[in-house]
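Student: Structure file start-v2.pdb (PDB, C-alpha atoms and all ligand atoms) right here:
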```
ATOM      1  CA  MET A 664     219.668 141.508 222.873
ATOM      2  CA  ILE A 665     219.726 145.075 221.558
ATOM      3  CA  LEU A 666     222.751 146.274 219.576
ATOM      4  CA  VAL A 667     223.406 150.014 219.383
ATOM      5  CA  ALA A 668     225.958 150.918 216.698
ATOM      6  CA  GLY A 669     227.198 154.475 216.453
ATOM      7  CA  SER A 670     229.363 157.213 217.869
ATOM      8  CA  ALA A 671     231.122 157.638 221.193
ATOM      9  CA  ASN A 672     232.506 161.061 222.119
ATOM     10  CA  ILE A 673     234.191 162.688 225.041
ATOM     11  CA  ASP A 674     232.033 165.756 225.697
ATOM     12  CA  PHE A 675     233.579 169.087 226.740
ATOM     13  CA  PHE A 676     230.807 171.133 228.385
ATOM     14  CA  THR A 677     230.983 174.885 228.921
ATOM     15  CA  PRO A 678     228.172 176.856 230.545
ATOM     16  CA  VAL A 679     227.557 180.116 228.666
ATOM     17  CA  GLU A 680     225.140 182.987 229.128
ATOM     18  CA  HIS A 681     223.964 182.625 225.522
ATOM     19  CA  LEU A 682     225.043 180.466 222.608
ATOM     20  CA  PRO A 683     227.519 182.231 220.278
ATOM     21  CA  ALA A 684     226.353 183.452 216.870
ATOM     22  CA  ALA A 685     228.655 182.898 213.849
ATOM     23  CA  GLY A 686     231.842 184.909 214.351
ATOM     24  CA  GLU A 687     231.030 185.708 217.997
ATOM     25  CA  THR A 688     233.197 184.757 221.012
ATOM     26  CA  VAL A 689     231.421 184.225 224.325
ATOM     27  CA  LEU A 690     233.056 183.708 227.714
ATOM     28  CA  GLY A 691     231.927 180.610 229.623
ATOM     29  CA  GLY A 692     232.324 179.295 233.170
ATOM     30  CA  ASP A 693     234.245 176.197 234.328
ATOM     31  CA  TYR A 694     234.199 173.408 231.761
ATOM     32  CA  PHE A 695     233.799 169.733 232.588
ATOM     33  CA  LEU A 696     234.281 166.468 230.681
ATOM     34  CA  ALA A 697     231.720 163.678 230.456
ATOM     35  CA  ALA A 698     231.020 160.555 228.424
ATOM     36  CA  GLY A 699     228.819 161.177 225.371
ATOM     37  CA  GLY A 700     228.252 160.485 221.681
ATOM     38  CA  LYS A 701     224.763 159.694 220.386
ATOM     39  CA  GLY A 702     225.419 155.971 219.959
ATOM     40  CA  ALA A 703     227.056 155.353 223.326
ATOM     41  CA  ASN A 704     224.452 157.600 224.999
ATOM     42  CA  GLN A 705     221.578 155.560 223.592
ATOM     43  CA  ALA A 706     223.217 152.312 224.689
ATOM     44  CA  VAL A 707     223.757 153.682 228.211
ATOM     45  CA  ALA A 708     220.175 155.027 228.458
ATOM     46  CA  CYS A 709     218.857 151.662 227.272
ATOM     47  CA  ALA A 710     220.935 149.667 229.783
ATOM     48  CA  LYS A 711     220.035 151.985 232.674
ATOM     49  CA  ALA A 712     216.355 151.526 231.785
ATOM     50  CA  GLY A 713     216.792 147.744 232.058
ATOM     51  CA  GLY A 714     217.618 146.754 228.452
ATOM     52  CA  ARG A 715     220.150 144.015 227.596
ATOM     53  CA  VAL A 716     222.383 145.953 225.247
ATOM     54  CA  ALA A 717     225.759 145.941 223.495
ATOM     55  CA  PHE A 718     227.479 148.949 221.935
ATOM     56  CA  LEU A 719     229.495 148.822 218.697
ATOM     57  CA  GLY A 720     231.591 151.913 217.986
ATOM     58  CA  ALA A 721     235.148 152.982 217.180
ATOM     59  CA  LEU A 722     237.459 154.537 219.776
ATOM     60  CA  GLY A 723     241.014 155.840 219.562
ATOM     61  CA  GLN A 724     244.029 154.703 221.554
ATOM     62  CA  ASP A 725     243.952 157.588 224.035
ATOM     63  CA  SER A 726     242.854 158.084 227.628
ATOM     64  CA  PHE A 727     239.434 159.388 226.494
ATOM     65  CA  ALA A 728     238.727 155.912 225.095
ATOM     66  CA  GLN A 729     239.256 154.493 228.599
ATOM     67  CA  THR A 730     236.836 157.031 230.089
ATOM     68  CA  LEU A 731     234.170 156.088 227.533
ATOM     69  CA  ARG A 732     234.692 152.339 228.031
ATOM     70  CA  GLU A 733     234.408 152.798 231.791
ATOM     71  CA  SER A 734     231.082 154.613 231.429
ATOM     72  CA  LEU A 735     229.728 151.773 229.251
ATOM     73  CA  ARG A 736     230.920 149.204 231.800
ATOM     74  CA  GLN A 737     229.440 151.043 234.793
ATOM     75  CA  SER A 738     226.082 151.286 233.042
ATOM     76  CA  GLY A 739     225.974 147.568 232.218
ATOM     77  CA  VAL A 740     226.503 147.926 228.443
ATOM     78  CA  GLN A 741     228.426 145.110 226.706
ATOM     79  CA  ASP A 742     231.467 146.690 225.086
ATOM     80  CA  TRP A 743     231.826 145.662 221.410
ATOM     81  CA  THR A 744     233.976 148.680 220.508
ATOM     82  CA  ILE A 745     236.860 148.480 218.071
ATOM     83  CA  THR A 746     240.084 150.475 218.209
ATOM     84  CA  ALA A 747     240.895 152.817 215.317
ATOM     85  CA  ALA A 748     244.025 154.738 214.327
ATOM     86  CA  ALA A 749     242.448 158.150 215.010
ATOM     87  CA  PRO A 750     241.680 160.242 218.091
ATOM     88  CA  THR A 751     238.586 159.300 220.074
ATOM     89  CA  GLY A 752     235.597 161.437 218.990
ATOM     90  CA  ALA A 753     235.115 164.675 220.910
ATOM     91  CA  ALA A 754     232.166 167.057 221.200
ATOM     92  CA  PHE A 755     232.397 170.711 222.212
ATOM     93  CA  ILE A 756     229.144 171.728 223.844
ATOM     94  CA  GLY A 757     228.021 175.155 224.992
ATOM     95  CA  VAL A 758     225.033 175.056 227.349
ATOM     96  CA  ALA A 759     223.067 178.289 227.709
ATOM     97  CA  GLN A 760     221.212 179.363 230.864
ATOM     98  CA  SER A 761     217.949 178.293 229.150
ATOM     99  CA  GLY A 762     219.283 174.704 229.001
ATOM    100  CA  GLU A 763     219.624 174.838 225.196
ATOM    101  CA  ASN A 764     222.902 173.719 223.670
ATOM    102  CA  ALA A 765     225.066 174.037 220.558
ATOM    103  CA  ILE A 766     227.356 171.121 219.673
ATOM    104  CA  THR A 767     230.389 170.744 217.412
ATOM    105  CA  VAL A 768     231.565 167.156 216.949
ATOM    106  CA  ALA A 769     235.146 166.252 215.958
ATOM    107  CA  SER A 770     234.344 162.775 214.617
ATOM    108  CA  GLY A 771     237.839 161.224 214.812
ATOM    109  CA  ALA A 772     237.596 157.456 215.333
ATOM    110  CA  ASN A 773     233.811 157.480 214.737
ATOM    111  CA  SER A 774     234.484 158.106 211.057
ATOM    112  CA  ARG A 775     236.500 154.836 210.861
ATOM    113  CA  LEU A 776     233.543 152.523 211.647
ATOM    114  CA  ARG A 777     232.942 150.508 208.471
ATOM    115  CA  SER A 778     230.473 147.921 207.194
ATOM    116  CA  GLU A 779     232.945 145.069 207.839
ATOM    117  CA  HIS A 780     232.887 145.864 211.567
ATOM    118  CA  LEU A 781     229.308 144.633 212.001
ATOM    119  CA  PRO A 782     229.519 141.319 213.898
ATOM    120  CA  ASP A 783     227.358 138.237 213.445
ATOM    121  CA  LEU A 784     223.835 139.307 214.381
ATOM    122  CA  ARG A 785     222.712 135.974 215.844
ATOM    123  CA  GLY A 786     221.006 136.734 219.158
ATOM    124  CA  VAL A 787     220.353 140.382 218.209
ATOM    125  CA  GLN A 788     216.648 141.320 217.967
ATOM    126  CA  THR A 789     216.980 145.081 217.452
ATOM    127  CA  LEU A 790     219.690 147.248 215.883
ATOM    128  CA  VAL A 791     219.710 150.947 216.836
ATOM    129  CA  LEU A 792     221.547 153.448 214.589
ATOM    130  CA  GLN A 793     222.145 157.227 214.418
ATOM    131  CA  LEU A 794     224.041 159.447 211.962
ATOM    132  CA  GLU A 795     227.349 160.295 213.677
ATOM    133  CA  ILE A 796     229.161 157.492 211.816
ATOM    134  CA  PRO A 797     229.612 157.394 208.003
ATOM    135  CA  LEU A 798     226.283 157.203 206.143
ATOM    136  CA  GLU A 799     227.576 154.265 204.013
ATOM    137  CA  THR A 800     228.164 152.336 207.254
ATOM    138  CA  VAL A 801     224.670 153.144 208.540
ATOM    139  CA  CYS A 802     223.169 151.977 205.222
ATOM    140  CA  ALA A 803     225.231 148.771 205.164
ATOM    141  CA  PHE A 804     224.422 147.919 208.816
ATOM    142  CA  ALA A 805     220.700 148.552 208.244
ATOM    143  CA  ALA A 806     220.647 146.377 205.101
ATOM    144  CA  GLN A 807     222.509 143.507 206.804
ATOM    145  CA  ALA A 808     220.226 143.668 209.838
ATOM    146  CA  LYS A 809     217.065 143.736 207.730
ATOM    147  CA  ALA A 810     218.304 140.723 205.729
ATOM    148  CA  ALA A 811     218.941 138.874 209.010
ATOM    149  CA  GLY A 812     215.406 139.586 210.278
ATOM    150  CA  VAL A 813     216.629 142.080 212.908
ATOM    151  CA  LYS A 814     214.392 145.112 213.659
ATOM    152  CA  VAL A 815     216.081 148.372 212.623
ATOM    153  CA  VAL A 816     215.546 151.615 214.573
ATOM    154  CA  LEU A 817     217.160 154.787 213.218
ATOM    155  CA  ASN A 818     217.458 158.019 215.166
ATOM    156  CA  ALA A 819     218.260 160.280 212.201
ATOM    157  CA  ALA A 820     220.442 162.711 214.175
ATOM    158  CA  PRO A 821     222.150 164.984 213.357
ATOM    159  CA  ALA A 822     219.835 166.299 210.627
ATOM    160  CA  ARG A 823     220.507 165.379 207.002
ATOM    161  CA  PRO A 824     218.588 164.094 203.977
ATOM    162  CA  LEU A 825     218.422 160.274 203.827
ATOM    163  CA  PRO A 826     218.622 157.907 200.833
ATOM    164  CA  THR A 827     215.280 156.230 200.134
ATOM    165  CA  GLU A 828     216.975 152.766 200.219
ATOM    166  CA  LEU A 829     217.849 153.420 203.876
ATOM    167  CA  LEU A 830     214.305 154.492 204.757
ATOM    168  CA  GLY A 831     213.130 151.253 203.143
ATOM    169  CA  GLN A 832     215.165 149.168 205.658
ATOM    170  CA  LEU A 833     213.697 150.779 208.775
ATOM    171  CA  ASP A 834     211.085 149.569 211.209
ATOM    172  CA  HIS A 835     211.062 152.700 213.377
ATOM    173  CA  LEU A 836     212.409 156.161 212.515
ATOM    174  CA  ILE A 837     212.844 158.726 215.329
ATOM    175  CA  VAL A 838     213.580 162.381 214.521
ATOM    176  CA  ASN A 839     213.197 165.816 216.030
ATOM    177  CA  GLU A 840     211.502 168.636 214.121
ATOM    178  CA  GLY A 841     214.719 169.827 212.420
ATOM    179  CA  GLU A 842     215.636 166.286 211.398
ATOM    180  CA  LEU A 843     212.119 165.718 210.023
ATOM    181  CA  ALA A 844     212.365 168.951 208.008
ATOM    182  CA  ALA A 845     215.687 167.727 206.532
ATOM    183  CA  LEU A 846     213.789 164.781 205.019
ATOM    184  CA  GLY A 847     212.108 167.299 202.719
ATOM    185  CA  GLN A 848     208.423 166.402 203.074
ATOM    186  CA  ALA A 849     205.677 169.017 202.809
ATOM    187  CA  GLY A 850     202.686 169.763 205.050
ATOM    188  CA  ASP A 851     201.975 169.751 208.768
ATOM    189  CA  LEU A 852     203.673 167.297 211.120
ATOM    190  CA  ALA A 853     201.130 164.520 210.588
ATOM    191  CA  ALA A 854     201.403 164.882 206.799
ATOM    192  CA  GLN A 855     205.202 164.777 206.970
ATOM    193  CA  LEU A 856     205.081 161.646 209.136
ATOM    194  CA  ARG A 857     202.720 159.982 206.657
ATOM    195  CA  ALA A 858     204.956 160.906 203.708
ATOM    196  CA  VAL A 859     208.042 159.468 205.431
ATOM    197  CA  GLN A 860     206.157 156.336 206.476
ATOM    198  CA  ALA A 861     205.190 155.744 202.832
ATOM    199  CA  LEU A 862     208.942 155.419 202.077
ATOM    200  CA  GLY A 863     209.490 152.513 204.504
ATOM    201  CA  PRO A 864     209.261 152.676 208.293
ATOM    202  CA  GLN A 865     206.006 151.353 209.783
ATOM    203  CA  VAL A 866     206.507 153.620 212.812
ATOM    204  CA  VAL A 867     207.717 157.247 212.641
ATOM    205  CA  THR A 868     208.172 159.432 215.737
ATOM    206  CA  VAL A 869     208.894 163.139 215.904
ATOM    207  CA  THR A 870     210.055 164.460 219.279
ATOM    208  CA  LEU A 871     208.910 167.981 220.081
ATOM    209  CA  GLY A 872     210.796 169.008 223.253
ATOM    210  CA  ALA A 873     208.394 170.535 225.794
ATOM    211  CA  GLN A 874     205.477 169.558 223.502
ATOM    212  CA  GLY A 875     206.225 165.831 223.872
ATOM    213  CA  SER A 876     206.165 163.604 220.791
ATOM    214  CA  LEU A 877     203.922 162.571 217.925
ATOM    215  CA  THR A 878     204.104 159.034 216.519
ATOM    216  CA  LEU A 879     202.507 157.489 213.473
ATOM    217  CA  ASP A 880     202.108 153.713 213.818
ATOM    218  CA  GLY A 881     200.350 152.311 210.758
ATOM    219  CA  ASP A 882     197.370 154.666 210.511
ATOM    220  CA  LYS A 883     197.257 155.432 214.265
ATOM    221  CA  LEU A 884     198.592 158.771 215.616
ATOM    222  CA  LEU A 885     199.910 158.752 219.194
ATOM    223  CA  ASP A 886     200.321 162.134 220.849
ATOM    224  CA  VAL A 887     202.389 161.763 224.042
ATOM    225  CA  PRO A 888     202.980 164.763 226.335
ATOM    226  CA  ALA A 889     206.401 165.695 227.698
ATOM    227  CA  TYR A 890     207.201 164.938 231.342
ATOM    228  CA  PRO A 891     207.264 168.395 232.958
ATOM    229  CA  VAL A 892     210.589 169.309 234.584
ATOM    230  CA  VAL A 893     212.746 172.324 235.360
ATOM    231  CA  VAL A 894     215.301 172.150 232.540
ATOM    232  CA  ARG A 895     218.992 172.393 233.393
ATOM    233  CA  ASP A 896     220.640 170.856 230.321
ATOM    234  CA  THR A 897     218.895 169.220 227.351
ATOM    235  CA  THR A 898     222.064 167.411 226.134
ATOM    236  CA  GLY A 899     221.365 163.703 225.755
ATOM    237  CA  ALA A 900     217.578 164.025 226.270
ATOM    238  CA  GLY A 901     216.856 162.802 222.722
ATOM    239  CA  ASP A 902     219.284 159.904 223.217
ATOM    240  CA  THR A 903     217.585 158.999 226.492
ATOM    241  CA  PHE A 904     214.218 159.002 224.692
ATOM    242  CA  VAL A 905     215.532 156.498 222.126
ATOM    243  CA  GLY A 906     217.321 154.258 224.665
ATOM    244  CA  VAL A 907     214.364 154.048 227.056
ATOM    245  CA  LEU A 908     211.893 153.456 224.216
ATOM    246  CA  VAL A 909     213.914 150.562 222.821
ATOM    247  CA  ALA A 910     214.419 149.040 226.295
ATOM    248  CA  ALA A 911     210.685 149.228 226.997
ATOM    249  CA  ARG A 912     209.778 147.647 223.637
ATOM    250  CA  SER A 913     212.318 144.847 224.206
ATOM    251  CA  GLU A 914     210.566 143.865 227.436
ATOM    252  CA  GLY A 915     207.271 143.531 225.557
ATOM    253  CA  ARG A 916     205.568 146.849 226.406
ATOM    254  CA  ASN A 917     203.201 148.252 223.813
ATOM    255  CA  LEU A 918     204.251 151.295 221.804
ATOM    256  CA  ALA A 919     202.038 153.774 223.699
ATOM    257  CA  GLU A 920     203.472 152.735 227.068
ATOM    258  CA  ALA A 921     207.038 152.670 225.726
ATOM    259  CA  LEU A 922     206.605 156.227 224.377
ATOM    260  CA  GLU A 923     205.356 157.429 227.767
ATOM    261  CA  LEU A 924     208.358 155.870 229.530
ATOM    262  CA  ALA A 925     210.683 157.410 226.930
ATOM    263  CA  SER A 926     209.113 160.806 227.539
ATOM    264  CA  VAL A 927     209.607 160.478 231.299
ATOM    265  CA  GLY A 928     213.216 159.345 230.821
ATOM    266  CA  ALA A 929     213.986 162.252 228.483
ATOM    267  CA  GLY A 930     212.423 164.729 230.909
ATOM    268  CA  LEU A 931     214.448 163.401 233.840
ATOM    269  CA  ALA A 932     217.640 163.608 231.737
ATOM    270  CA  CYS A 933     217.048 167.363 231.310
ATOM    271  CA  THR A 934     217.251 167.934 235.073
ATOM    272  CA  GLN A 935     220.995 167.103 235.285
ATOM    273  CA  SER A 936     224.092 168.269 233.415
ATOM    274  CA  GLY A 937     225.903 166.126 230.862
ATOM    275  CA  ALA A 938     224.700 163.331 228.578
ATOM    276  CA  GLN A 939     225.499 159.953 230.136
ATOM    277  CA  PRO A 940     225.758 161.319 233.720
ATOM    278  CA  SER A 941     222.195 162.716 233.412
ATOM    279  CA  MET A 942     220.508 159.490 232.310
ATOM    280  CA  PRO A 943     217.981 158.120 234.801
ATOM    281  CA  ASN A 944     217.954 154.511 235.991
ATOM    282  CA  ARG A 945     214.981 152.187 235.730
ATOM    283  CA  ALA A 946     213.790 152.830 239.302
ATOM    284  CA  ALA A 947     213.689 156.603 238.771
ATOM    285  CA  ILE A 948     211.851 156.246 235.444
ATOM    286  CA  MET A 949     209.267 153.831 236.841
ATOM    287  CA  ALA A 950     208.668 155.951 239.951
ATOM    288  CA  ALA A 951     208.124 159.117 237.893
ATOM    289  CA  TRP A 952     205.954 157.266 235.342
ATOM    290  CA  GLN A 953     203.756 155.676 238.004
ATOM    291  CA  SER A 954     203.288 158.977 239.812
ATOM    292  CA  ARG A 955     201.998 160.644 236.639
ATOM    293  CA  VAL A 956     199.382 158.015 235.596
TER
HETATM  294  O1  LIG A1001     223.037 163.898 221.606
HETATM  295  C1  LIG A1001     224.011 164.437 222.472
HETATM  296  C2  LIG A1001     225.373 164.053 221.998
HETATM  297  O2  LIG A1001     225.619 164.668 220.754
HETATM  298  C3  LIG A1001     226.508 164.494 222.887
HETATM  299  O3  LIG A1001     226.799 163.567 223.891
HETATM  300  C4  LIG A1001     227.639 164.743 221.896
HETATM  301  O4  LIG A1001     228.694 163.837 222.040
HETATM  302  C5  LIG A1001     227.013 164.659 220.522
HETATM  303  O5  LIG A1001     227.266 163.459 219.916
END
```
If you took the structure in this file and wrote it as structure tokens, what would it be?
Tutor:
Amino acid sequence: MILVAGSANIDFFTPVEHLPAAGETVLGGDYFLAAGGKGANQAVACAKAGGRVAFLGALGQDSFAQTLRESLRQSGVQDWTITAAAPTGAAFIGVAQSGENAITVASGANSRLRSEHLPDLRGVQTLVLQLEIPLETVCAFAAQAKAAGVKVVLNAAPARPLPTELLGQLDHLIVNEGELAALGQAGDLAAQLRAVQALGPQVVTVTLGAQGSLTLDGDKLLDVPAYPVVVRDTTGAGDTFVGVLVAARSEGRNLAEALELASVGAGLACTQSGAQPSMPNRAAIMAAWQSRV
């Protein structure tokens, strides 16, 4: 069993011609609501790719919480959410014509997830974390999982510096270029990956959008191309990458194959709008993967 612990947000999407600069107002088209939040997204992507997965997060007592629970249920994710005395998390997302986005998250209930909410980890093989819940909670969950012999995967998003104790608890760290830069290491990408690996995680992956991803596993570098698509909306693509990768590893695939599947999944997620609504199912991922090799 895979446990994803992290945020769940209701996403408000607005299409805009370009993303606003500081102090600028831009007019958008019709907005729509969809289930999101990096934690819930990764759990949904993992379940759709065939993983056996539970999601631990904090939701409010409002109708958005019901929408988010329903999306977890429909995707086959076990719902281990708790209810907090705060509004359900919300994300305000502008999507430009290029497919790029800008996101503001109102954390709400996500900020109430605490170390005492981590359940007994018997039966859990892998814990997946991100950074949209309090950092102390992430650190406590990672330490408890490591002590229980559970593999710890951290997607260090959104970008921020990380305590070295946390890096020391990780088996696999996944970042994009901005998140890697926030870790403060010098040199080219490979040098930065090596420097981060020296602080703990055996495997470090940097995702590079249309350039694919670069992974350092021990002393081996794996360069995996992106799956070429016409981009409509990149929201949730990074989460899909993480969810599909973890699902593929949990069914015994080697890292190289799991990274290829993750790349295909992330590419397919860019062809549809929204985070959870854009995530491909196992059949779509396998068909696209088989047609490219
Ligand atoms: O990674 C995409 C997600 O970031 C969105 O679903 C939004 O909720 C924010 O958490």
Student: Residues within 9 Å of A:Ala819, please, as a PyMOL selection string. Count all atoms listed in the file; anything in the same chain fewer than 5 positions from it doesn't count.
Tutor: chain A and resi 792-794+825+836-839+842-843
Student: Could you tell me which residues the PyMOL selection byres (((not hetatm)) within 6 of (chain A and resi 1001)) returns for this structure, as a PyMOL selection string?
Tutor: chain A and resi 672+674+699-701+754+898-899+902+938
Student: Separation of atom CA of A:Gly713 and atom CA of A:His780, in Å?
Tutor: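 Distance reported for this atom pair: 26.1 Å.
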Student: Draw an axis-aligned box over all listed atoms of stretch 779-786 of chain A, pad each side with 5 Å, and write its centre and edge lengths in Å, one decimal, as lines of an AutoDock Vina configuration file.
Tutor:
```
center_x = 227.0
center_y = 140.9
center_z = 213.5
size_x = 21.9
size_y = 19.9
size_z = 21.3
```
Student: Nearest residue to A:Leu666 out of A:Pro821, A:Gly906, A:Gly937, A:Gly771, using all atoms listed in the file?
Tutor: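 Using all atoms listed in the file, A:Leu666 sits closest to A:Gly906.
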Student: If you measure from atom CA of A:Ala849 to atom CA of A:Val905, what distance in Å do you get, rounded to one decimal?
Tutor: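 Result for atom CA of A:Ala849 versus atom CA of A:Val905: 25.0 Å, one decimal.
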Student: Out of A:Thr897, A:Thr870, A:Ser936, A:Thr746, which residue has the shortest atom-to-atom distance to A:Ser761 when counting only C-alpha atoms?
Tutor: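 Answer, going by the shortest atom-to-atom distance: A:Thr897.
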Student: How many Å lie between atom CA of A:Ala712 and atom CA of A:Val859, rounded to one decimal?
Tutor: 28.8 Å
Student: Could you tell me which residues the PyMOL selection byres (((chain A and resi 932) around 12) and not hetatm) returns for this structure, as an NGL selection string?
Tutor: :A and (704 or 708 or 711 or 762 or 890-904 or 906-907 or 925-931 or 933-944 or 947-948)
Student: Enumerate, as a list in words, the residues matched when the PyMOL selection byres (((chain A and resi 886) around 10) and not hetatm) is run on the file above.
Tutor: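 Listing what the PyMOL selection byres (((chain A and resi 886) around 10) and not hetatm) selects in the shown file: Thr868, Val869, Gln874, Gly875, Ser876, Leu877, Thr878, Leu879, Lys883, Leu884, Leu885, Val887, Pro888, Ala889, Ala919, Leu922 and Glu923 of chain A.
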Student: For each of A:Ala721, A:Ala911, A:Val679, A:Leu784, take the minimum atom-to-atom distance to A:Ala810, counting all atoms listed in the file, then give the residue where this is smallest.
Tutor: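 Result for the nearest residue to A:Ala810: A:Leu784.
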Student: With all atoms listed in the file as the basis for distance, which of A:Thr827, A:Gln855, A:Ser726, A:Thr677 is at the shortest distance from A:Glu840?
Tutor: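 Distance minimum relative to A:Glu840 lands on A:Gln855.
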Student: With distances taken over all atoms listed in the file, which residue among A:Leu696, A:Ala685, A:Leu817, A:Val707 lies nearest A:Gly863?
Tutor: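 Selected residue with least distance to A:Gly863: A:Leu817.
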Student: Since the input is missing atoms for stretch 916-939 of chain A, could you rebuild it with N, CA and C atoms and give the result as a tab-separated table (two decimals), in the coordinates of the input?
Tutor:
```tsv
chain	number	residue	atom	x	y	z
A	916	ARG	N	206.58	145.80	226.19
A	916	ARG	CA	205.57	146.85	226.41
A	916	ARG	C	205.02	147.32	225.07
A	917	ASN	N	203.76	147.75	225.07
A	917	ASN	CA	203.20	148.25	223.81
A	917	ASN	C	203.80	149.62	223.51
A	918	LEU	N	203.59	150.07	222.26
A	918	LEU	CA	204.25	151.29	221.80
A	918	LEU	C	203.82	152.51	222.63
A	919	ALA	N	202.53	152.61	222.95
A	919	ALA	CA	202.04	153.77	223.70
A	919	ALA	C	202.73	153.88	225.06
A	920	GLU	N	202.84	152.74	225.74
A	920	GLU	CA	203.47	152.74	227.07
A	920	GLU	C	204.98	153.04	226.95
A	921	ALA	N	205.60	152.45	225.93
A	921	ALA	CA	207.04	152.67	225.73
A	921	ALA	C	207.32	154.15	225.44
A	922	LEU	N	206.42	154.79	224.68
A	922	LEU	CA	206.60	156.23	224.38
A	922	LEU	C	206.45	157.07	225.64
A	923	GLU	N	205.52	156.69	226.51
A	923	GLU	CA	205.36	157.43	227.77
A	923	GLU	C	206.61	157.30	228.64
A	924	LEU	N	207.14	156.08	228.73
A	924	LEU	CA	208.36	155.87	229.53
A	924	LEU	C	209.53	156.66	228.94
A	925	ALA	N	209.61	156.67	227.61
A	925	ALA	CA	210.68	157.41	226.93
A	925	ALA	C	210.57	158.90	227.24
A	926	SER	N	209.35	159.40	227.26
A	926	SER	CA	209.11	160.81	227.54
A	926	SER	C	209.53	161.15	228.97
A	927	VAL	N	209.21	160.27	229.90
A	927	VAL	CA	209.61	160.48	231.30
A	927	VAL	C	211.14	160.45	231.41
A	928	GLY	N	211.75	159.46	230.77
A	928	GLY	CA	213.22	159.34	230.82
A	928	GLY	C	213.89	160.58	230.27
A	929	ALA	N	213.39	161.07	229.11
A	929	ALA	CA	213.99	162.25	228.48
A	929	ALA	C	213.81	163.48	229.39
A	930	GLY	N	212.66	163.61	230.00
A	930	GLY	CA	212.42	164.73	230.91
A	930	GLY	C	213.40	164.69	232.08
A	931	LEU	N	213.53	163.51	232.69
A	931	LEU	CA	214.45	163.40	233.84
A	931	LEU	C	215.88	163.73	233.43
A	932	ALA	N	216.27	163.34	232.22
A	932	ALA	CA	217.64	163.61	231.74
A	932	ALA	C	217.91	165.11	231.62
A	933	CYS	N	216.86	165.90	231.43
A	933	CYS	CA	217.05	167.36	231.31
A	933	CYS	C	217.29	168.04	232.66
A	934	THR	N	217.12	167.29	233.75
A	934	THR	CA	217.25	167.93	235.07
A	934	THR	C	218.69	167.91	235.58
A	935	GLN	N	219.59	167.21	234.88
A	935	GLN	CA	221.00	167.10	235.28
A	935	GLN	C	221.89	167.53	234.13
A	936	SER	N	223.13	167.88	234.46
A	936	SER	CA	224.09	168.27	233.42
A	936	SER	C	224.75	167.04	232.80
A	937	GLY	N	225.16	167.19	231.54
A	937	GLY	CA	225.90	166.13	230.86
A	937	GLY	C	224.96	165.18	230.16
A	938	ALA	N	225.53	164.32	229.29
A	938	ALA	CA	224.70	163.33	228.58
A	938	ALA	C	224.59	162.06	229.42
A	939	GLN	N	225.61	161.21	229.39
A	939	GLN	CA	225.50	159.95	230.14
A	939	GLN	C	225.31	160.15	231.64
```
